[in-house]
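Colleague: My structure is in my_file.tsv, and what it holds is TSV, C-alpha atoms:
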```tsv
chain	number	residue	atom	x	y	z
A	1183	MET	CA	-69.01	50.34	-54.03
A	1184	SER	CA	-70.51	52.35	-51.20
A	1185	ASN	CA	-71.34	56.05	-51.42
A	1186	GLN	CA	-68.49	56.84	-49.04
A	1187	GLU	CA	-66.02	54.99	-51.29
A	1188	LYS	CA	-67.36	56.85	-54.33
A	1189	GLU	CA	-66.97	60.20	-52.54
A	1190	LEU	CA	-63.36	59.39	-51.67
A	1191	THR	CA	-62.67	58.37	-55.24
A	1192	VAL	CA	-64.22	61.55	-56.65
A	1193	GLU	CA	-62.46	63.68	-54.05
A	1194	SER	CA	-59.05	62.17	-54.82
A	1195	PHE	CA	-59.66	62.55	-58.56
A	1196	LEU	CA	-60.59	66.22	-58.23
A	1197	LYS	CA	-57.56	66.85	-56.02
A	1198	SER	CA	-55.22	65.28	-58.59
A	1199	ILE	CA	-56.79	67.31	-61.41
A	1200	SER	CA	-56.52	70.56	-59.46
A	1201	SER	CA	-52.84	69.90	-58.78
A	1202	LEU	CA	-52.24	69.93	-62.55
A	1203	THR	CA	-53.27	73.57	-62.70
A	1204	ASP	CA	-50.49	74.50	-60.27
A	1205	THR	CA	-47.60	72.57	-61.83
A	1206	CYS	CA	-45.74	72.04	-65.09
A	1207	GLY	CA	-47.55	68.71	-65.53
A	1208	GLY	CA	-50.68	70.55	-66.68
A	1209	CYS	CA	-48.90	72.91	-69.07
A	1210	ARG	CA	-48.99	72.61	-72.86
A	1211	PHE	CA	-45.25	73.33	-73.04
A	1212	TYR	CA	-44.28	70.46	-70.72
A	1213	ASN	CA	-42.66	67.52	-72.54
A	1214	SER	CA	-43.08	64.45	-70.33
A	1215	THR	CA	-40.71	62.25	-72.35
A	1216	THR	CA	-37.74	64.59	-71.99
A	1217	ASN	CA	-38.83	66.41	-68.80
A	1218	GLU	CA	-38.31	69.83	-70.29
A	1219	CYS	CA	-40.22	73.00	-70.95
A	1220	ARG	CA	-40.51	73.62	-74.69
A	1221	GLU	CA	-41.17	77.31	-74.09
A	1222	LYS	CA	-38.22	78.09	-71.81
A	1223	GLU	CA	-36.00	75.21	-72.98
A	1224	ILE	CA	-35.11	74.19	-69.43
A	1225	GLU	CA	-35.34	70.90	-67.54
A	1226	VAL	CA	-38.42	70.57	-65.32
A	1227	ASN	CA	-40.60	67.78	-63.96
A	1228	HIS	CA	-44.36	67.40	-63.67
A	1229	LYS	CA	-44.33	68.65	-60.06
A	1230	THR	CA	-42.40	71.86	-60.77
A	1231	PRO	CA	-44.55	74.87	-59.80
A	1232	LYS	CA	-46.04	76.68	-62.79
A	1233	CYS	CA	-44.45	79.84	-64.16
A	1234	ASP	CA	-45.72	82.93	-65.98
A	1235	LYS	CA	-45.55	81.08	-69.35
A	1236	TRP	CA	-47.96	78.33	-68.14
A	1237	ARG	CA	-50.78	77.44	-70.56
A	1238	TYR	CA	-53.47	74.77	-70.14
A	1239	PHE	CA	-52.52	71.57	-71.99
A	1240	ALA	CA	-55.87	70.94	-73.71
```
As structure tokens - that is how I would like this structure written.

Modeller:
Amino acid sequence: MSNQEKELTVESFLKSISSLTDTCGGCRFYNSTTNECREKEIEVNHKTPKCDKWRYFA
């Protein structure tokens, strides 16, 4: 694997990780099996923009 390929791989990985901090997919209250927010008890998906209740999943 060339350095350019590695850079693209790292860049795409970092971009995907950073998108988790802006959406429900990175929230501890997001239930991926039922697509709902356990905090607000509403239906969401992993791409729904985060709300004021958002908490990091780890």

Colleague: Rank nothing, just name the residue among A:Ser1184, A:Thr1191, A:Glu1221, A:Ser1200 nearest to Arg1237 in chain A, using only C-alpha atoms.

Modeller: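 With only C-alpha atoms as the atom set, the closest residue is A:Glu1221.
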
Colleague: Could you state the separation of CA of Thr1205 in chain A and CA of His1228 in chain A in Å, given to one decimal place?

Modeller: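 Value for the CA of Thr1205 in chain A-CA of His1228 in chain A distance: 6.4 Å.
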
Colleague: Given all atoms listed in the file as the basis, pick out the residue of A:Trp1236, A:Asn1227, A:Leu1202, A:Val1192 nearest to Ser1214 in chain A.

Modeller: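 Result for the nearest residue to Ser1214 in chain A: A:Asn1227.
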
Colleague: Rank A:Lys1222, A:Tyr1238, A:Lys1232, A:Asn1217 by their smallest atom-to-atom distance to Asp1204 in chain A, using only C-alpha atoms, and report the top residue only.

Modeller: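 Result for the nearest residue to Asp1204 in chain A: A:Lys1232.
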
Colleague: Find the distance between CA of Glu1223 in chain A and CA of Phe1211 in chain A and write it in Å to one decimal.

Modeller: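 Spanning CA of Glu1223 in chain A to CA of Phe1211 in chain A is a straight-line distance of 9.4 Å.
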
Colleague: For a quick check of understanding, using all atoms listed in the file, which of A:Ser1194, A:Asn1213, A:Arg1220, A:Cys1206 has the smallest distance to Cys1233 in chain A?

Modeller: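 Using all atoms listed in the file, Cys1233 in chain A sits closest to A:Cys1206.
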
Colleague: Can you work out the spacing between CA of Cys1219 in chain A and CA of Lys1197 in chain A in Å, to one decimal?

Modeller: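 Those two atoms sit 23.7 Å apart.
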
Colleague: Here is a test: counting only C-alpha atoms, which residue of A:Ser1198, A:Cys1209, A:Glu1193, A:Thr1215 is nearest to Pro1231 in chain A?

Modeller: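 Looking only at the distances to Pro1231 in chain A, the closest residue turns out to be A:Cys1209.
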
Colleague: Quick one: 5 Å padding each side, axis-aligned, all listed atoms of range 1221-1226 of chain A - centre and edge lengths in Å to one decimal, as JSON?

Modeller:
```
{"center_x": -38.1, "center_y": 74.3, "center_z": -69.7, "size_x": 16.1, "size_y": 17.5, "size_z": 18.8}
```
